[in-house]
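Student: For reference, this is work-v2.cif, and it has mmCIF, C-alpha atoms.
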```cif
data_data
#
loop_
_atom_site.group_PDB
_atom_site.id
_atom_site.type_symbol
_atom_site.label_atom_id
_atom_site.label_comp_id
_atom_site.auth_asym_id
_atom_site.auth_seq_id
_atom_site.Cartn_x
_atom_site.Cartn_y
_atom_site.Cartn_z
ATOM 1 C CA MET A 28 12.845 -89.375 -53.080
ATOM 2 C CA THR A 29 15.379 -89.671 -55.872
ATOM 3 C CA SER A 30 15.192 -91.601 -59.122
ATOM 4 C CA THR A 31 18.194 -93.546 -60.343
ATOM 5 C CA SER A 32 18.095 -95.947 -63.256
ATOM 6 C CA GLY A 33 19.174 -99.483 -62.472
ATOM 7 C CA GLY A 34 19.892 -100.243 -66.129
ATOM 8 C CA ARG A 35 20.384 -103.960 -66.630
ATOM 9 C CA GLY A 36 21.448 -104.467 -63.032
ATOM 10 C CA GLN A 37 19.972 -106.426 -60.164
ATOM 11 C CA LEU A 38 19.075 -105.442 -56.615
ATOM 12 C CA TRP A 39 20.919 -107.559 -54.026
ATOM 13 C CA ALA A 40 20.880 -107.700 -50.224
ATOM 14 C CA ILE A 41 23.048 -108.858 -47.339
ATOM 15 C CA SER A 42 23.209 -108.169 -43.606
ATOM 16 C CA ASP A 43 25.016 -109.067 -40.395
ATOM 17 C CA LEU A 44 28.450 -108.968 -42.006
ATOM 18 C CA HIS A 45 30.190 -108.760 -38.609
ATOM 19 C CA VAL A 46 33.535 -107.940 -40.176
ATOM 20 C CA GLY A 47 35.249 -107.858 -36.802
ATOM 21 C CA TYR A 48 35.697 -111.574 -37.499
ATOM 22 C CA ALA A 49 38.561 -112.207 -39.925
ATOM 23 C CA GLU A 50 36.572 -114.917 -41.714
ATOM 24 C CA ASN A 51 33.682 -112.525 -42.330
ATOM 25 C CA ARG A 52 36.025 -109.751 -43.452
ATOM 26 C CA ALA A 53 37.383 -112.166 -46.038
ATOM 27 C CA LEU A 54 33.832 -112.786 -47.287
ATOM 28 C CA VAL A 55 33.299 -109.058 -47.834
ATOM 29 C CA GLU A 56 36.591 -108.807 -49.692
ATOM 30 C CA LYS A 57 35.229 -111.363 -52.175
ATOM 31 C CA MET A 58 31.818 -109.735 -52.717
ATOM 32 C CA ARG A 59 31.416 -108.410 -56.246
ATOM 33 C CA PRO A 60 28.450 -107.199 -58.326
ATOM 34 C CA GLY A 61 27.383 -109.083 -61.407
ATOM 35 C CA SER A 62 27.222 -105.877 -63.446
ATOM 36 C CA ASP A 63 28.100 -102.197 -63.181
ATOM 37 C CA ASP A 64 24.403 -101.436 -62.529
ATOM 38 C CA ASP A 65 23.902 -103.637 -59.465
ATOM 39 C CA TRP A 66 22.756 -102.151 -56.155
ATOM 40 C CA LEU A 67 23.398 -103.657 -52.725
ATOM 41 C CA LEU A 68 21.181 -103.343 -49.647
ATOM 42 C CA VAL A 69 23.013 -103.780 -46.335
ATOM 43 C CA ALA A 70 20.534 -104.401 -43.522
ATOM 44 C CA GLY A 71 22.719 -103.670 -40.515
ATOM 45 C CA ASP A 72 25.262 -105.206 -38.159
ATOM 46 C CA VAL A 73 28.220 -104.432 -40.363
ATOM 47 C CA ALA A 74 30.539 -104.183 -37.328
ATOM 48 C CA GLU A 75 30.938 -102.725 -33.847
ATOM 49 C CA THR A 76 33.633 -100.111 -34.543
ATOM 50 C CA VAL A 77 33.376 -97.098 -36.807
ATOM 51 C CA ALA A 78 36.677 -98.003 -38.489
ATOM 52 C CA ASP A 79 35.386 -101.459 -39.458
ATOM 53 C CA ILE A 80 32.051 -100.026 -40.599
ATOM 54 C CA ARG A 81 33.844 -97.479 -42.762
ATOM 55 C CA TRP A 82 36.073 -100.151 -44.292
ATOM 56 C CA ALA A 83 33.232 -102.541 -45.132
ATOM 57 C CA LEU A 84 30.770 -100.002 -46.527
ATOM 58 C CA GLY A 85 33.547 -98.175 -48.377
ATOM 59 C CA THR A 86 34.743 -101.424 -49.950
ATOM 60 C CA LEU A 87 31.241 -102.270 -51.143
ATOM 61 C CA ALA A 88 30.456 -98.709 -52.276
ATOM 62 C CA ASP A 89 33.519 -98.816 -54.532
ATOM 63 C CA ARG A 90 32.098 -101.878 -56.296
ATOM 64 C CA PHE A 91 28.328 -101.428 -56.513
ATOM 65 C CA ARG A 92 26.433 -98.695 -58.331
ATOM 66 C CA ARG A 93 24.629 -97.868 -55.088
ATOM 67 C CA VAL A 94 24.887 -99.186 -51.542
ATOM 68 C CA VAL A 95 21.913 -98.653 -49.216
ATOM 69 C CA TRP A 96 22.485 -99.092 -45.473
ATOM 70 C CA ALA A 97 20.122 -99.488 -42.546
ATOM 71 C CA PRO A 98 21.761 -99.632 -39.104
ATOM 72 C CA GLY A 99 21.715 -102.664 -36.874
ATOM 73 C CA ASN A 100 22.111 -102.758 -33.134
ATOM 74 C CA HIS A 101 25.842 -103.551 -33.315
ATOM 75 C CA GLU A 102 26.650 -100.331 -35.193
ATOM 76 C CA LEU A 103 24.900 -98.421 -32.420
ATOM 77 C CA TRP A 104 26.859 -100.015 -29.604
ATOM 78 C CA THR A 105 29.317 -97.828 -27.743
ATOM 79 C CA HIS A 106 31.863 -100.622 -27.637
ATOM 80 C CA PRO A 107 34.931 -100.506 -25.375
ATOM 81 C CA LYS A 108 37.105 -101.494 -28.362
ATOM 82 C CA ASP A 109 35.940 -98.508 -30.434
ATOM 83 C CA ALA A 110 37.932 -95.282 -30.432
ATOM 84 C CA VAL A 111 34.668 -93.437 -31.144
ATOM 85 C CA THR A 112 32.904 -93.063 -27.803
ATOM 86 C CA LEU A 113 29.733 -91.326 -29.013
ATOM 87 C CA ARG A 114 26.439 -92.626 -27.642
ATOM 88 C CA GLY A 115 22.878 -92.893 -28.891
ATOM 89 C CA VAL A 116 21.662 -90.332 -31.413
ATOM 90 C CA ALA A 117 25.098 -88.712 -31.646
ATOM 91 C CA ARG A 118 26.653 -92.033 -32.654
ATOM 92 C CA TYR A 119 23.949 -92.695 -35.237
ATOM 93 C CA GLU A 120 24.364 -89.232 -36.736
ATOM 94 C CA HIS A 121 28.121 -89.761 -36.924
ATOM 95 C CA LEU A 122 27.581 -93.009 -38.837
ATOM 96 C CA VAL A 123 25.226 -91.208 -41.230
ATOM 97 C CA GLU A 124 27.970 -88.681 -41.950
ATOM 98 C CA VAL A 125 30.479 -91.480 -42.540
ATOM 99 C CA CYS A 126 28.062 -93.060 -45.015
ATOM 100 C CA ARG A 127 27.553 -89.783 -46.838
ATOM 101 C CA GLU A 128 31.321 -89.395 -47.206
ATOM 102 C CA LEU A 129 31.341 -92.845 -48.811
ATOM 103 C CA GLY A 130 28.315 -92.195 -51.041
ATOM 104 C CA VAL A 131 26.189 -94.736 -49.151
ATOM 105 C CA THR A 132 22.436 -94.085 -48.851
ATOM 106 C CA THR A 133 21.083 -93.975 -45.272
ATOM 107 C CA PRO A 134 17.639 -93.721 -43.634
ATOM 108 C CA GLU A 135 18.179 -89.955 -43.417
ATOM 109 C CA ASP A 136 18.507 -89.504 -47.183
ATOM 110 C CA PRO A 137 15.841 -89.265 -49.893
ATOM 111 C CA TYR A 138 14.587 -92.735 -50.752
ATOM 112 C CA PRO A 139 15.961 -93.868 -54.124
ATOM 113 C CA VAL A 140 13.817 -95.506 -56.802
ATOM 114 C CA TRP A 141 15.037 -98.745 -58.343
ATOM 115 C CA GLU A 142 14.215 -98.595 -62.039
ATOM 116 C CA GLY A 143 16.025 -101.720 -63.160
ATOM 117 C CA ALA A 144 14.549 -105.170 -63.710
ATOM 118 C CA GLY A 145 11.562 -105.745 -61.458
ATOM 119 C CA GLY A 146 11.099 -101.994 -60.914
ATOM 120 C CA PRO A 147 10.171 -99.308 -60.474
ATOM 121 C CA ALA A 148 10.129 -99.578 -56.691
ATOM 122 C CA VAL A 149 11.009 -97.221 -53.882
ATOM 123 C CA VAL A 150 13.907 -98.560 -51.820
ATOM 124 C CA ALA A 151 13.498 -97.306 -48.258
ATOM 125 C CA PRO A 152 16.189 -97.983 -45.644
ATOM 126 C CA LEU A 153 14.661 -97.755 -42.171
ATOM 127 C CA PHE A 154 15.946 -97.176 -38.667
ATOM 128 C CA LEU A 155 13.252 -98.210 -36.208
ATOM 129 C CA LEU A 156 14.825 -100.048 -33.241
ATOM 130 C CA TYR A 157 12.517 -102.075 -30.940
ATOM 131 C CA ASP A 158 10.249 -101.425 -27.982
ATOM 132 C CA TYR A 159 10.079 -104.801 -26.187
ATOM 133 C CA SER A 160 6.544 -105.393 -27.473
ATOM 134 C CA PHE A 161 7.389 -108.897 -28.808
ATOM 135 C CA LEU A 162 6.761 -110.311 -25.338
ATOM 136 C CA PRO A 163 7.398 -113.895 -24.184
ATOM 137 C CA ASP A 164 4.351 -116.079 -23.645
ATOM 138 C CA GLY A 165 2.751 -115.387 -20.301
ATOM 139 C CA CYS A 166 4.205 -111.886 -19.960
ATOM 140 C CA ALA A 167 1.859 -108.894 -20.140
ATOM 141 C CA THR A 168 4.293 -105.996 -19.789
ATOM 142 C CA MET A 169 7.833 -105.020 -20.779
ATOM 143 C CA ASP A 170 8.991 -105.268 -17.175
ATOM 144 C CA GLU A 171 7.605 -108.790 -16.886
ATOM 145 C CA GLY A 172 9.259 -109.749 -20.157
ATOM 146 C CA LEU A 173 12.651 -108.382 -19.168
ATOM 147 C CA ALA A 174 12.441 -110.062 -15.759
ATOM 148 C CA TYR A 175 11.655 -113.355 -17.460
ATOM 149 C CA ALA A 176 14.571 -112.942 -19.900
ATOM 150 C CA HIS A 177 17.001 -112.123 -17.096
ATOM 151 C CA GLY A 178 15.751 -115.212 -15.283
ATOM 152 C CA THR A 179 16.589 -117.400 -18.265
ATOM 153 C CA GLY A 180 19.955 -115.702 -18.854
ATOM 154 C CA VAL A 181 18.996 -114.737 -22.420
ATOM 155 C CA VAL A 182 19.637 -110.983 -22.476
ATOM 156 C CA CYS A 183 20.768 -108.957 -25.488
ATOM 157 C CA ASN A 184 24.062 -107.061 -25.098
ATOM 158 C CA ASP A 185 22.138 -103.944 -26.121
ATOM 159 C CA GLU A 186 21.138 -103.659 -22.477
ATOM 160 C CA PHE A 187 24.743 -102.781 -21.705
ATOM 161 C CA LEU A 188 26.115 -101.245 -24.916
ATOM 162 C CA LEU A 189 23.288 -99.548 -26.867
ATOM 163 C CA HIS A 190 22.559 -96.210 -25.228
ATOM 164 C CA PRO A 191 19.482 -94.141 -26.234
ATOM 165 C CA ASP A 192 20.864 -90.683 -25.311
ATOM 166 C CA PRO A 193 19.256 -88.154 -25.266
ATOM 167 C CA TYR A 194 16.078 -90.272 -25.177
ATOM 168 C CA PRO A 195 15.182 -91.683 -21.750
ATOM 169 C CA SER A 196 14.979 -95.256 -23.087
ATOM 170 C CA ARG A 197 15.438 -97.405 -26.175
ATOM 171 C CA GLU A 198 11.673 -97.829 -26.450
ATOM 172 C CA ALA A 199 11.208 -94.027 -26.452
ATOM 173 C CA TRP A 200 13.784 -93.713 -29.229
ATOM 174 C CA CYS A 201 11.925 -96.450 -31.106
ATOM 175 C CA ARG A 202 8.605 -94.612 -30.812
ATOM 176 C CA ALA A 203 10.145 -91.446 -32.232
ATOM 177 C CA ARG A 204 11.786 -93.315 -35.115
ATOM 178 C CA VAL A 205 8.571 -95.176 -35.968
ATOM 179 C CA ALA A 206 6.517 -91.954 -36.022
ATOM 180 C CA GLU A 207 8.940 -90.095 -38.305
ATOM 181 C CA THR A 208 9.424 -93.074 -40.636
ATOM 182 C CA GLU A 209 5.679 -93.680 -40.859
ATOM 183 C CA ARG A 210 5.214 -90.056 -41.914
ATOM 184 C CA ARG A 211 7.799 -90.377 -44.695
ATOM 185 C CA LEU A 212 6.440 -93.674 -46.010
ATOM 186 C CA ALA A 213 2.874 -92.346 -46.049
ATOM 187 C CA ALA A 214 4.012 -89.502 -48.315
ATOM 188 C CA LEU A 215 5.364 -91.825 -51.030
ATOM 189 C CA PRO A 216 3.559 -92.036 -54.398
ATOM 190 C CA ALA A 217 0.681 -94.475 -54.074
ATOM 191 C CA GLU A 218 1.420 -96.057 -57.464
ATOM 192 C CA LEU A 219 4.896 -97.302 -56.492
ATOM 193 C CA PRO A 220 5.614 -100.528 -54.599
ATOM 194 C CA THR A 221 8.326 -100.472 -51.966
ATOM 195 C CA VAL A 222 11.293 -102.505 -50.820
ATOM 196 C CA LEU A 223 11.685 -101.819 -47.115
ATOM 197 C CA VAL A 224 15.112 -102.464 -45.593
ATOM 198 C CA ASN A 225 15.316 -102.694 -41.810
ATOM 199 C CA HIS A 226 17.584 -104.570 -39.445
ATOM 200 C CA TYR A 227 14.558 -106.078 -37.714
ATOM 201 C CA PRO A 228 11.511 -107.718 -39.334
ATOM 202 C CA LEU A 229 8.426 -105.504 -39.512
ATOM 203 C CA ASP A 230 6.251 -108.350 -38.247
ATOM 204 C CA ARG A 231 6.863 -110.780 -35.424
ATOM 205 C CA HIS A 232 6.334 -113.996 -37.405
ATOM 206 C CA PRO A 233 10.023 -114.533 -38.342
ATOM 207 C CA THR A 234 10.913 -114.786 -34.633
ATOM 208 C CA ASP A 235 8.668 -117.823 -34.155
ATOM 209 C CA VAL A 236 11.609 -120.133 -34.954
ATOM 210 C CA LEU A 237 14.031 -118.667 -32.402
ATOM 211 C CA TRP A 238 15.605 -121.259 -30.126
ATOM 212 C CA TYR A 239 15.314 -118.738 -27.303
ATOM 213 C CA PRO A 240 11.910 -117.085 -27.872
ATOM 214 C CA GLU A 241 12.511 -114.452 -25.181
ATOM 215 C CA PHE A 242 15.132 -112.877 -27.478
ATOM 216 C CA ALA A 243 12.238 -111.688 -29.673
ATOM 217 C CA MET A 244 11.898 -108.660 -27.364
ATOM 218 C CA TRP A 245 15.021 -107.217 -29.006
ATOM 219 C CA CYS A 246 13.765 -107.973 -32.533
ATOM 220 C CA GLY A 247 11.276 -105.252 -33.477
ATOM 221 C CA THR A 248 8.008 -103.584 -32.576
ATOM 222 C CA ASP A 249 4.351 -104.420 -33.054
ATOM 223 C CA ARG A 250 3.839 -100.804 -34.176
ATOM 224 C CA THR A 251 4.957 -101.886 -37.678
ATOM 225 C CA ALA A 252 2.907 -105.083 -37.910
ATOM 226 C CA ASP A 253 0.724 -103.792 -40.753
ATOM 227 C CA TRP A 254 3.350 -101.824 -42.690
ATOM 228 C CA HIS A 255 3.872 -104.566 -45.272
ATOM 229 C CA ARG A 256 0.230 -104.038 -46.283
ATOM 230 C CA ARG A 257 -0.054 -100.291 -45.751
ATOM 231 C CA PHE A 258 3.017 -99.357 -47.750
ATOM 232 C CA ARG A 259 2.684 -101.696 -50.749
ATOM 233 C CA VAL A 260 5.720 -103.760 -49.833
ATOM 234 C CA ALA A 261 7.078 -105.981 -52.591
ATOM 235 C CA THR A 262 9.829 -107.363 -50.346
ATOM 236 C CA MET A 263 10.706 -106.752 -46.702
ATOM 237 C CA VAL A 264 14.481 -107.147 -46.260
ATOM 238 C CA TYR A 265 15.862 -107.710 -42.761
ATOM 239 C CA GLY A 266 18.586 -109.480 -40.775
ATOM 240 C CA HIS A 267 19.418 -109.683 -37.044
ATOM 241 C CA LEU A 268 18.098 -113.214 -36.460
ATOM 242 C CA HIS A 269 21.016 -114.984 -38.182
ATOM 243 C CA ILE A 270 18.476 -117.354 -39.724
ATOM 244 C CA PRO A 271 18.702 -116.666 -43.473
ATOM 245 C CA ARG A 272 15.494 -117.712 -45.216
ATOM 246 C CA THR A 273 12.488 -116.592 -47.220
ATOM 247 C CA THR A 274 9.026 -116.451 -45.679
ATOM 248 C CA TRP A 275 5.697 -115.194 -47.003
ATOM 249 C CA HIS A 276 3.281 -113.328 -44.776
ATOM 250 C CA GLU A 277 -0.106 -112.176 -46.048
ATOM 251 C CA GLY A 278 1.232 -112.447 -49.587
ATOM 252 C CA VAL A 279 4.369 -110.379 -48.895
ATOM 253 C CA ARG A 280 7.887 -111.732 -49.238
ATOM 254 C CA PHE A 281 10.120 -111.389 -46.176
ATOM 255 C CA GLU A 282 13.850 -111.987 -46.763
ATOM 256 C CA GLU A 283 16.249 -112.588 -43.879
ATOM 257 C CA VAL A 284 19.626 -111.998 -45.531
ATOM 258 C CA SER A 285 22.190 -112.307 -42.728
ATOM 259 C CA VAL A 286 25.669 -113.807 -42.917
ATOM 260 C CA GLY A 287 25.997 -114.292 -39.165
ATOM 261 C CA TYR A 288 28.977 -115.417 -37.138
ATOM 262 C CA PRO A 289 31.532 -117.922 -38.499
ATOM 263 C CA ARG A 290 30.436 -120.544 -35.971
ATOM 264 C CA GLU A 291 26.944 -120.315 -37.474
ATOM 265 C CA TRP A 292 27.658 -120.266 -41.195
ATOM 266 C CA ARG A 293 30.344 -122.976 -41.067
ATOM 267 C CA GLY A 294 27.637 -125.517 -40.322
ATOM 268 C CA ARG A 295 25.410 -124.582 -43.258
ATOM 269 C CA THR A 296 25.334 -126.112 -46.700
ATOM 270 C CA GLY A 297 26.411 -123.887 -49.563
ATOM 271 C CA PRO A 298 29.053 -121.172 -49.674
ATOM 272 C CA PRO A 299 28.798 -118.437 -47.014
ATOM 273 C CA GLY A 300 28.283 -114.753 -47.689
ATOM 274 C CA GLN A 301 26.153 -115.109 -50.799
ATOM 275 C CA LEU A 302 24.132 -112.052 -51.771
ATOM 276 C CA ARG A 303 20.349 -112.512 -51.911
ATOM 277 C CA ARG A 304 18.621 -111.196 -54.997
ATOM 278 C CA ILE A 305 15.638 -108.975 -54.231
ATOM 279 C CA LEU A 306 14.746 -107.591 -57.690
ATOM 280 C CA PRO A 307 13.926 -108.937 -60.118
ATOM 281 C CA SER A 308 12.122 -111.341 -57.832
ATOM 282 C CA PRO A 309 13.151 -114.983 -58.307
ATOM 283 C CA ALA A 310 9.457 -115.865 -58.081
ATOM 284 C CA SER A 311 8.672 -113.632 -61.051
ATOM 285 C CA GLU A 312 11.241 -115.456 -63.167
ATOM 286 C CA GLU A 313 9.839 -118.823 -62.159
ATOM 287 C CA ALA A 314 6.410 -117.643 -63.308
ATOM 288 C CA SER A 315 7.705 -116.490 -66.704
ATOM 289 C CA PRO A 316 7.077 -118.749 -69.717
#
```
Take the structure in the file and write it out as C-alpha cells.

Tutor:
Amino acid sequence: MTSTSGGRGQLWAISDLHVGYAENRALVEKMRPGSDDDWLLVAGDVAETVADIRWALGTLADRFRRVVWAPGNHELWTHPKDAVTLRGVARYEHLVEVCRELGVTTPEDPYPVWEGAGGPAVVAPLFLLYDYSFLPDGCATMDEGLAYAHGTGVVCNDEFLLHPDPYPSREAWCRARVAETERRLAALPAELPTVLVNHYPLDRHPTDVLWYPEFAMWCGTDRTADWHRRFRVATMVYGHLHIPRTTWHEGVRFEEVSVGYPREWRGRTGPPGQLRRILPSPASEEASP
C-alpha cells in the first residue's frame, strides 16, 4: 500500500470506454481533470487491442495525477484484429507491464491511499472475473445456466475470445483471483475505508435490471457478495453493464460508471463520457450545511 496526497483534487471514475469506436475515442480525447491533483479510476473495457489500450490509458495518464486501472473482459480478449496474440494470464501480465510503462496503477501494484477531499481511503483496483454463479431463475448449476443462455441466444463473446490459459476454465481463474485478492484486502489497515474498483459489481443486485437476465452469468461471482461490508467499502465502482447509475445496497454506494457503445449513449439525455465523481462523495456535500 502506498500513500499519495490528493491535495485539493477529486477522485473520478469512468469505464467501458471502448475506444475502438471513433466516437468513443473522441470522448477520451476531450477528457480533462479539473485540477492537477485529480485521480481517475478506469474500471475496464478500455478496448480490445493492446495498441488502443495503450493509447487511451497513456492519454489519460498524461493528464491526471494518477490513473488506476482494473481490467474488463474486452482487454482480456484475444481478438483477431489484435497484433498481440497472447492468451489468458500471459495477456493480462502483458497489459500490466504496459500500464507500468505508462505509470498507471494496476491490481498487481500496491494499493494507493487517496488523501484528498473525502479521504483518506484505500483505492483498490481488482481483477476478479466471474464464475457463472449469477444463475438464471430455474437453473441450479453452471451447466444448466449456460444451456439456458445458449437456448435464448444470449451468450457473451467471452466464450469465444477470453481464454483462461493456463487455468482449465474461466471459473477456475476467477477462484484463484478471488482468493488472492481477498487475502490482500484482509491485510489492509482496519481504520481505513476503501474504494473498490472492479469491472463487475461485487454483488448481484445491479444485474436485476438487465433486459436479458441470463447475461448476469458473465457479470461477477457470489463469492464477493459480502465484500462491501467486510472491507469497509465507501464506494464500489464498476462498469460492464452499460447502465450508468447509482444504487445503494446495505448502506453502501455502488457506482456503475460506463460510457458504453455509441448506439447506447446517443439515446441518453446529457453529454456522453462524463466522469463520475467518487470522492468527495456528492452525498456528503449535500449533507453539509

Student: For the structure provided, state which residues fall under the PyMOL selection byres ((chain A and resi 141) around 12), and present them as a PyMOL selection string.

Tutor: chain A and resi 28-39+64-68+92-95+138-140+142-151+219-222+305-307

Student: Suppose we keep C-alpha atoms; can you now write the selection as an mmCIF file, keeping the file's coordinate frame?

Tutor:
```cif
data_model
loop_
_atom_site.group_PDB
_atom_site.id
_atom_site.type_symbol
_atom_site.label_atom_id
_atom_site.label_comp_id
_atom_site.auth_asym_id
_atom_site.auth_seq_id
_atom_site.Cartn_x
_atom_site.Cartn_y
_atom_site.Cartn_z
ATOM 1 C CA MET A 28 12.845 -89.375 -53.080
ATOM 2 C CA THR A 29 15.379 -89.671 -55.872
ATOM 3 C CA SER A 30 15.192 -91.601 -59.122
ATOM 4 C CA THR A 31 18.194 -93.546 -60.343
ATOM 5 C CA SER A 32 18.095 -95.947 -63.256
ATOM 6 C CA GLY A 33 19.174 -99.483 -62.472
ATOM 7 C CA GLY A 34 19.892 -100.243 -66.129
ATOM 8 C CA ARG A 35 20.384 -103.960 -66.630
ATOM 9 C CA GLY A 36 21.448 -104.467 -63.032
ATOM 10 C CA GLN A 37 19.972 -106.426 -60.164
ATOM 11 C CA LEU A 38 19.075 -105.442 -56.615
ATOM 12 C CA TRP A 39 20.919 -107.559 -54.026
ATOM 13 C CA ASP A 64 24.403 -101.436 -62.529
ATOM 14 C CA ASP A 65 23.902 -103.637 -59.465
ATOM 15 C CA TRP A 66 22.756 -102.151 -56.155
ATOM 16 C CA LEU A 67 23.398 -103.657 -52.725
ATOM 17 C CA LEU A 68 21.181 -103.343 -49.647
ATOM 18 C CA ARG A 92 26.433 -98.695 -58.331
ATOM 19 C CA ARG A 93 24.629 -97.868 -55.088
ATOM 20 C CA VAL A 94 24.887 -99.186 -51.542
ATOM 21 C CA VAL A 95 21.913 -98.653 -49.216
ATOM 22 C CA TYR A 138 14.587 -92.735 -50.752
ATOM 23 C CA PRO A 139 15.961 -93.868 -54.124
ATOM 24 C CA VAL A 140 13.817 -95.506 -56.802
ATOM 25 C CA GLU A 142 14.215 -98.595 -62.039
ATOM 26 C CA GLY A 143 16.025 -101.720 -63.160
ATOM 27 C CA ALA A 144 14.549 -105.170 -63.710
ATOM 28 C CA GLY A 145 11.562 -105.745 -61.458
ATOM 29 C CA GLY A 146 11.099 -101.994 -60.914
ATOM 30 C CA PRO A 147 10.171 -99.308 -60.474
ATOM 31 C CA ALA A 148 10.129 -99.578 -56.691
ATOM 32 C CA VAL A 149 11.009 -97.221 -53.882
ATOM 33 C CA VAL A 150 13.907 -98.560 -51.820
ATOM 34 C CA ALA A 151 13.498 -97.306 -48.258
ATOM 35 C CA LEU A 219 4.896 -97.302 -56.492
ATOM 36 C CA PRO A 220 5.614 -100.528 -54.599
ATOM 37 C CA THR A 221 8.326 -100.472 -51.966
ATOM 38 C CA VAL A 222 11.293 -102.505 -50.820
ATOM 39 C CA ILE A 305 15.638 -108.975 -54.231
ATOM 40 C CA LEU A 306 14.746 -107.591 -57.690
ATOM 41 C CA PRO A 307 13.926 -108.937 -60.118
#
```

Student: Given the PyMOL selection byres ((chain A and resi 59) around 12) and the file above, list the residues it selects as a PyMOL selection string.

Tutor: chain A and resi 39+54-58+60-67+86-92+300-302

Student: For the atom pair atom CA of Asp43 of chain A and atom CA of Asp109 of chain A, what is the interatomic distance in Å to one decimal place?

Tutor: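 Interatomic distance here is 18.2 Å.
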
Student: Figure out the distance between atom CA of Thr262 of chain A and atom CA of Thr274 of chain A, please, to one decimal in Å.

Tutor: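 A separation of 10.2 Å between them.
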
Student: Tell me which residues the PyMOL selection byres ((chain A and resi 248) around 10) grabs here, as a count of residues only.

Tutor: 26

Student: By how many Å are atom CA of Ala213 of chain A and atom CA of Pro271 of chain A apart?

Tutor: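 These atoms are spaced 29.1 Å apart.
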